[in-house]
Amino acid sequence: MRILVSVLSCTLLLLSSCNDTTKQTPLMIYIEEPHSFAKPNEAVITHLDLDIKVDFATEIISGTASYLINNNDASEIILDSKYLDIENVQADGEDTNFAIGNFDKTLGIPLSISIKKDTKRVTVFYKTTDRTEALQWLKPQQTADKEQPFLFTQGQAILTRTWIPIQDSPQIRLTYNAKVTVPAELMAVMSAENPKTKTQDGVYNFKMAQPISPYLIALAVGDIAYKPISNRTGVYAEKSMLDKAHFEFSDMENMVASAEKLYGTYAWEQFDVIVLPPSFPFGGMENPRLTFATPTVIAGDKSLTSLIAHELAHSWSGNLVTNATWDDFWLNEGFTVYFEMRIMEALYGKDRANMLARIGRQDLEEELEGFKDTPEDTKLKLHLEGRNPDDGMNSIAYDKGYLFLRTLEETVSREKFDAFLKNYFESHAFSTTNTEKFIKYLNENLLEKNGITFNTEKWIYQPGIPENQAIIVSDKFEKVEDIVRNFVKTNSIDTAITTTWTPQEWVHFVRNFPENMSVKQMETLDKTFNLTNSNNSYIAMVWYEQAINHNYHGNNVDERIETFLTQVGRRWYVSTIYKAFKRNNKTAEALAIYKKARENYHSVTTNTIDDMLEFNAK
Ligand code: BES
Ligand code: ZN
């Protein structure tokens with residue numbers, strides 16, 4: 001019925017409003033979305049013109065969000081909004097009625113705006129508030145250079161509505177232009193065409209010409225500079241980080257070239273990375289044209305750059321072909337991990353890729369163990385209605401998703417699988433898809449065509465891991481495991497072997513200490529390798545976890561843990577460490593640190609840790 005209605009009204013309006021927007025947003029039916037109040041089948045946004053001022057003194061963003069809309073005969077358009085001050089709303093330049101609905105603590109409020117049949121543009125005058133969840137305002141002390149303040153946004157999954165009123169569903173696609181005014185000493189960058197130098201007056205104009213989902217609208221403001229790597233890749237960072245970042249990410253052009261060779265042309269022209277201050281709650285965030293990254297990825301030896309391969313891969317899986325709802329999150333992340341491993345294999349060989357895959361396999365095992373009382377959460381297809389979509393964002397989507405795709409690849413042959421994936425990205429470019437549509441596409445274009453049977457539904461709709469899983473073998477890791485076993489037995493370790501280890505081997509070594517490893521043995525290892533003071537954030541993080549597990553307190557490790565937790569806000573890292581405290585009945589110690597560290601964390605991180613430690617912020 002809906003199809004009929006929208007086709008009909010568009011036929012009638014052929015030369016008017018439908019005509020100019022169908023180019024970006026082909027007629028489509030939006031499916032039920034539990035995490036947005038918008039009713040895009042009735043009226044949908046297609047383009048945003050943002051005009052905002054970023055004020056560090058008050059920590060408020062204020063201005064207008066003005067939308068081109070496509071009205072399918074509705075008398076109102078509904079936007080999502082949370083913790084925003086809505087001052088006024090206009091339809092085609094005239095004040096119009098608007099209503100603010102009931103507040104939901106996860107979703108925020110529906111903002112219903114009266115429109116006419118022929119309304120083309122809706123403009124919202126608004127301000128952010130101190131409750132915003134997307135924004136983190138940093139004092140100079142919280143940055144690398146410690147001279148100027150910094151601001152960044154984090155939109156995924158449903159936080160964009162806390163800094164822009166918007167139809168905040170991944171099914172929505174819009175282009176945007178933005179005028180952003182910032183203090184003249186600072187530079188602004190977005191998930192759009194970006195400046196390479198500061199302007200005199202602090203006014204920046206941005207354009208994102210390809211339609212993207214709202215969770216990918218992003219802004220960072222700080223005392224940053226740009227350094228190119230190739231004519232389409234480069235890094236933004238604060239002064240003291242710029243050269244380090246430039247060195248660390250110098251393979252970026254090769255990564256883009258390898259990715260294109262695998263699954264088709266890079267669709268976004270430019271691929272840059274901005275290194276953010278350490279409180280950034282993620283390793284990386286795939287904002288189109290400008291990946292946001294944690295400084296903890298800078299190890300000095302390019303050893304953690306699979307994270308960049310991961311965010312780059314999202315330029316296909318996620319940004320080009322987007323999960324329709326957060327229940328389908330595995331379509332974004334599982335495909336991205338698979339693609340990431342393929343880029344790493346192409347650039348650095350099978351050994352490195354298999355080590356990474358084995359690390360993911362162990363993460364998955366630990367996650368399955370953690371969910372043993374709620375096996376529903378180990379399905380790829382989730383049911384997050386009534387929950388915060390963040391609840392579904394764990395390693396099931398990533399590592400079970402990866403294992404499913406790798407198993408599929410090994411079943412059908414790499415050649416066939418690659419051809420299939422390339423077509424999948426091409427045929428779904430700039431659109432959204434969900435699990436059910438993917439299964440249908442897979443059956444029609446890969447399995448039935450080749451007469452292959454595969455237990456897809458079991459992988460996707462059942463908890464746990466099916467028996468036909470691919471077995472990931474890493475000879476290097478087998479050797480590391482031998483060394484662990486031998487050390488526990490003999491108390492000695494062949495340092496000639498360990499000098500050739502990559503950081504991945506160190507991580508695997510440390511993560512696989514047996515429970516009965518003694519404090520004395522921890523001490524021996526720390527005396528020999530000084531793991532407590534490792535400059536590699538990943539090795540340090542897993543070592544701190546083991547120090548807590550094994551009651552090791554030598555080498556000032558407790559102080560180091562506290563410093564790490566106070567400076568770094570990357571959720572995966574800090575939650576691993578707090579979880580270790582909790583698991584070992586040391587919640588009081590965790591809370592003592594958390595009380596001091598919390599003010600440095602982004603809301604994404606405090607939400608998780610508040611829950612974990614049952615911390616009540618008030
Ligand atoms: N898109 C995710 C980050 C994300 C997930 C933000 C869910 C909000 C909700 C990003 O691509 C990601 O997966 N980051 C990982 C990197 C890693 C898997 C290489 C991270 O932050 O650790
Ligand atoms: Zn990802």
# chains A, B, ... in the order shown; residues from 1 in each chain; ligands from 1
$ residues_near_ligand --ligand "ligand 1" --cutoff "9 Å" --atoms "only C-alpha atoms and all ligand atoms" --output "number ranges by chain"
A: 154-158, 215, 281-287, 293-294, 304-314, 318, 329, 332-333, 336-337, 340, 389-390, 392-395, 398, 570-573, 604
$ write_last_selection --atoms "N, CA and C atoms" --output "CSV table (one decimal), in the first residue's frame"
chain,number,residue,atom,x,y,z
A,154,GLN,N,30.6,12.7,18.5
A,154,GLN,CA,30.5,11.3,18.2
A,154,GLN,C,29.0,11.0,17.9
A,155,GLY,N,28.7,10.6,16.7
A,155,GLY,CA,27.2,10.5,16.3
A,155,GLY,C,26.7,9.0,16.5
A,156,GLN,N,27.5,8.0,16.2
A,156,GLN,CA,27.0,6.7,16.2
A,156,GLN,C,26.8,6.2,17.6
A,157,ALA,N,25.7,5.5,18.0
A,157,ALA,CA,24.7,5.1,17.1
A,157,ALA,C,23.6,6.2,17.1
A,158,ILE,N,23.1,6.7,18.2
A,158,ILE,CA,21.9,7.6,18.1
A,158,ILE,C,22.2,8.9,18.9
A,215,TYR,N,24.2,9.5,11.4
A,215,TYR,CA,25.2,9.1,12.5
A,215,TYR,C,26.6,9.4,12.0
A,281,PRO,N,36.3,8.2,22.7
A,281,PRO,CA,35.8,7.0,23.3
A,281,PRO,C,36.0,5.7,22.4
A,282,PHE,N,36.4,5.9,21.2
A,282,PHE,CA,36.6,4.7,20.3
A,282,PHE,C,38.0,4.7,19.8
A,283,GLY,N,38.4,3.5,19.3
A,283,GLY,CA,39.6,3.4,18.6
A,283,GLY,C,39.6,4.3,17.3
A,284,GLY,N,38.5,4.0,16.6
A,284,GLY,CA,38.3,4.8,15.4
A,284,GLY,C,36.8,5.0,15.1
A,285,MET,N,36.5,6.0,14.3
A,285,MET,CA,35.1,6.2,13.9
A,285,MET,C,35.2,6.6,12.4
A,286,GLU,N,34.4,5.9,11.6
A,286,GLU,CA,34.5,6.0,10.2
A,286,GLU,C,33.8,7.2,9.5
A,287,ASN,N,33.9,8.4,10.1
A,287,ASN,CA,33.2,9.5,9.5
A,287,ASN,C,33.7,9.7,8.1
A,293,ALA,N,40.2,9.2,15.0
A,293,ALA,CA,41.0,8.2,15.7
A,293,ALA,C,41.6,8.5,17.0
A,294,THR,N,41.8,7.5,17.8
A,294,THR,CA,42.4,7.7,19.1
A,294,THR,C,43.9,7.8,19.0
A,304,LEU,N,49.8,-0.9,15.1
A,304,LEU,CA,48.3,-0.9,15.4
A,304,LEU,C,47.4,-0.4,14.3
A,305,THR,N,48.0,-0.2,13.1
A,305,THR,CA,47.3,0.5,12.1
A,305,THR,C,46.2,-0.4,11.4
A,306,SER,N,46.0,-1.6,11.9
A,306,SER,CA,44.9,-2.3,11.3
A,306,SER,C,43.6,-1.6,11.6
A,307,LEU,N,43.6,-0.7,12.6
A,307,LEU,CA,42.5,0.1,13.0
A,307,LEU,C,42.2,1.1,11.8
A,308,ILE,N,43.2,1.6,11.1
A,308,ILE,CA,43.0,2.5,10.0
A,308,ILE,C,42.4,1.6,8.8
A,309,ALA,N,42.9,0.4,8.7
A,309,ALA,CA,42.3,-0.5,7.6
A,309,ALA,C,40.8,-0.7,7.9
A,310,HIS,N,40.5,-0.9,9.2
A,310,HIS,CA,39.1,-1.1,9.6
A,310,HIS,C,38.3,0.1,9.2
A,311,GLU,N,38.7,1.3,9.6
A,311,GLU,CA,37.9,2.5,9.4
A,311,GLU,C,37.8,2.7,7.9
A,312,LEU,N,38.8,2.5,7.2
A,312,LEU,CA,38.8,2.6,5.7
A,312,LEU,C,37.8,1.7,5.1
A,313,ALA,N,37.8,0.4,5.6
A,313,ALA,CA,36.9,-0.6,5.0
A,313,ALA,C,35.4,-0.1,5.2
A,314,HIS,N,35.1,0.6,6.2
A,314,HIS,CA,33.8,1.1,6.4
A,314,HIS,C,33.4,2.1,5.3
A,318,GLY,N,29.2,0.0,5.5
A,318,GLY,CA,28.8,1.0,6.5
A,318,GLY,C,28.4,2.3,5.9
A,329,PHE,N,23.4,-4.3,12.9
A,329,PHE,CA,24.7,-3.7,13.1
A,329,PHE,C,25.9,-4.6,12.6
A,332,ASN,N,27.3,-3.8,9.2
A,332,ASN,CA,28.4,-2.8,9.2
A,332,ASN,C,29.7,-3.4,9.7
A,333,GLU,N,29.7,-4.0,10.9
A,333,GLU,CA,30.9,-4.3,11.5
A,333,GLU,C,31.5,-5.7,11.1
A,336,THR,N,33.1,-5.3,7.8
A,336,THR,CA,34.2,-4.4,7.9
A,336,THR,C,35.4,-5.1,8.5
A,337,VAL,N,35.2,-6.0,9.5
A,337,VAL,CA,36.3,-6.8,10.0
A,337,VAL,C,36.9,-7.7,8.9
A,340,GLU,N,38.8,-5.6,6.6
A,340,GLU,CA,40.0,-5.1,7.3
A,340,GLU,C,41.1,-6.2,7.2
A,389,PRO,N,20.8,1.1,21.7
A,389,PRO,CA,21.5,0.3,20.7
A,389,PRO,C,23.0,0.0,21.0
A,390,ASP,N,23.5,0.9,21.9
A,390,ASP,CA,24.9,0.6,22.4
A,390,ASP,C,25.1,-0.7,23.0
A,392,GLY,N,24.1,-3.4,22.0
A,392,GLY,CA,24.4,-4.5,21.0
A,392,GLY,C,25.8,-4.3,20.4
A,393,MET,N,26.5,-3.4,20.8
A,393,MET,CA,27.8,-3.0,20.2
A,393,MET,C,28.9,-3.7,20.9
A,394,ASN,N,29.0,-5.0,20.7
A,394,ASN,CA,30.1,-5.8,21.4
A,394,ASN,C,30.7,-6.7,20.3
A,395,SER,N,31.6,-7.5,20.7
A,395,SER,CA,32.4,-8.2,19.7
A,395,SER,C,31.6,-9.3,19.0
A,398,TYR,N,31.2,-8.0,15.5
A,398,TYR,CA,32.5,-7.9,14.8
A,398,TYR,C,33.1,-9.3,14.5
A,570,ARG,N,39.3,5.6,25.8
A,570,ARG,CA,38.9,4.7,24.8
A,570,ARG,C,38.1,3.6,25.5
A,571,ARG,N,36.9,3.4,25.2
A,571,ARG,CA,36.0,2.6,26.0
A,571,ARG,C,36.4,1.1,26.1
A,572,TRP,N,36.8,0.6,24.9
A,572,TRP,CA,37.2,-0.8,25.0
A,572,TRP,C,38.4,-1.0,25.9
A,573,TYR,N,39.4,-0.2,25.9
A,573,TYR,CA,40.5,-0.3,26.8
A,573,TYR,C,40.1,-0.1,28.3
A,604,VAL,N,29.8,8.3,26.1
A,604,VAL,CA,29.7,6.9,25.6
A,604,VAL,C,30.4,6.0,26.6
$ residues_around --residues "Trp543 (chain A)" --least-positions-apart "5" --cutoff "7 Å" --atoms "only C-alpha atoms" --output "ChimeraX atom specification"
/A:510,531-532
$ write_last_selection --atoms "N, CA, C and O atoms" --output "short mmCIF file (atom, residue, chain, number, x, y, z; two decimals), in the first residue's frame"
data_model
loop_
_atom_site.label_atom_id
_atom_site.label_comp_id
_atom_site.auth_asym_id
_atom_site.auth_seq_id
_atom_site.Cartn_x
_atom_site.Cartn_y
_atom_site.Cartn_z
N VAL A 510 50.73 -12.20 26.55
CA VAL A 510 50.23 -11.70 27.83
C VAL A 510 48.79 -12.16 28.09
O VAL A 510 48.43 -12.51 29.22
N LEU A 531 57.07 -4.73 31.03
CA LEU A 531 55.76 -4.63 30.38
C LEU A 531 54.91 -3.52 30.98
O LEU A 531 54.11 -2.90 30.28
N THR A 532 55.09 -3.25 32.27
CA THR A 532 54.34 -2.19 32.93
C THR A 532 54.53 -0.85 32.23
O THR A 532 53.63 -0.03 32.19
#
$ residues_around --residues "Ile452 (chain A)" --least-positions-apart "3" --cutoff "10 Å" --atoms "only C-alpha atoms" --output "list in words"
Thr411, Val412, Asn443, Leu446, Leu447, Glu448 and Lys449 of chain A
$ closest_residue --among "A:Thr453, A:Thr132, A:Thr197, A:Thr291" --to "ligand 2" --atoms "only C-alpha atoms and all ligand atoms"
A:Thr291
$ residues_around --residues "Phe271 (chain A)" --least-positions-apart "4" --cutoff "12 Å" --atoms "only C-alpha atoms" --output "PyMOL selection string"
chain A and resi 191-194+228-236+249+252-257+266-267+286-292+308-309+311-315
$ select_by_dssp --residues "region 245-456 of chain A" --states "alpha helix (DSSP H)" --output "MDAnalysis selection string"
chainID A and resid 245:248 252:263 306:313 329:348 350:370 395 401:412 414:427 435:442 456
$ residues_around --residues "Val89 (chain A)" --least-positions-apart "2" --cutoff "10 Å" --atoms "only C-alpha atoms" --output "number ranges by chain"
A: 64-66, 86-87, 91-98, 113-114, 122-126
$ closest_residue --among "A:Glu523, A:Asp328, A:Asp85, A:Asp104" --to "Lys437 (chain A)" --atoms "only C-alpha atoms"
A:Asp328
$ closest_residue --among "A:Leu565, A:Ala580, A:Ala134, A:Val189" --to "Tyr594 (chain A)" --atoms "only C-alpha atoms"
A:Leu565
$ closest_atom_pairs --of "region 468-580 of chain A" --to "region 352-363 of chain A" --cutoff "7 Å" --atoms "only C-alpha atoms" --output "JSON lines"
{"residue": "A:Ile472", "atom": "CA", "partner": "A:Arg358", "partner_atom": "CA", "distance": 6.3}
{"residue": "A:Val473", "atom": "CA", "partner": "A:Asn354", "partner_atom": "CA", "distance": 6.7}
{"residue": "A:Ser474", "atom": "CA", "partner": "A:Asn354", "partner_atom": "CA", "distance": 5.6}
{"residue": "A:Phe477", "atom": "CA", "partner": "A:Met355", "partner_atom": "CA", "distance": 6.9}
{"residue": "A:Gln504", "atom": "CA", "partner": "A:Met355", "partner_atom": "CA", "distance": 6.8}
$ write_last_selection --atoms "N, CA and C atoms" --output "tab-separated table (two decimals), in the first residue's frame"
chain	number	residue	atom	x	y	z
A	472	ILE	N	40.87	-20.88	12.47
A	472	ILE	CA	41.92	-19.89	12.17
A	472	ILE	C	43.22	-20.34	12.81
A	473	VAL	N	44.21	-20.57	11.97
A	473	VAL	CA	45.48	-21.06	12.48
A	473	VAL	C	46.55	-19.99	12.32
A	474	SER	N	47.32	-19.79	13.38
A	474	SER	CA	48.48	-18.90	13.29
A	474	SER	C	49.69	-19.64	13.87
A	477	PHE	N	51.39	-17.77	16.60
A	477	PHE	CA	50.73	-17.80	17.91
A	477	PHE	C	50.89	-19.16	18.59
A	504	GLN	N	51.66	-7.95	18.19
A	504	GLN	CA	50.56	-8.91	18.23
A	504	GLN	C	50.97	-10.16	19.02
$ closest_residue --among "A:Leu331, A:Ile166, A:Leu613, A:Ile61" --to "ligand 2" --atoms "only C-alpha atoms and all ligand atoms"
A:Leu331
$ atom_distance --atom1 "CA of Leu442 (chain A)" --atom2 "CA of His383 (chain A)"
21.9 Å
$ closest_residue --among "A:Asp168, A:Asp118, A:Glu133, A:Asp399" --to "ligand 2" --atoms "only C-alpha atoms and all ligand atoms"
A:Asp399
$ select_by_dssp --residues "region 156-223 of chain A" --states "strand (DSSP E or B)" --output "number ranges by chain"
A: 166, 174-181, 187-190, 203-212, 219-222
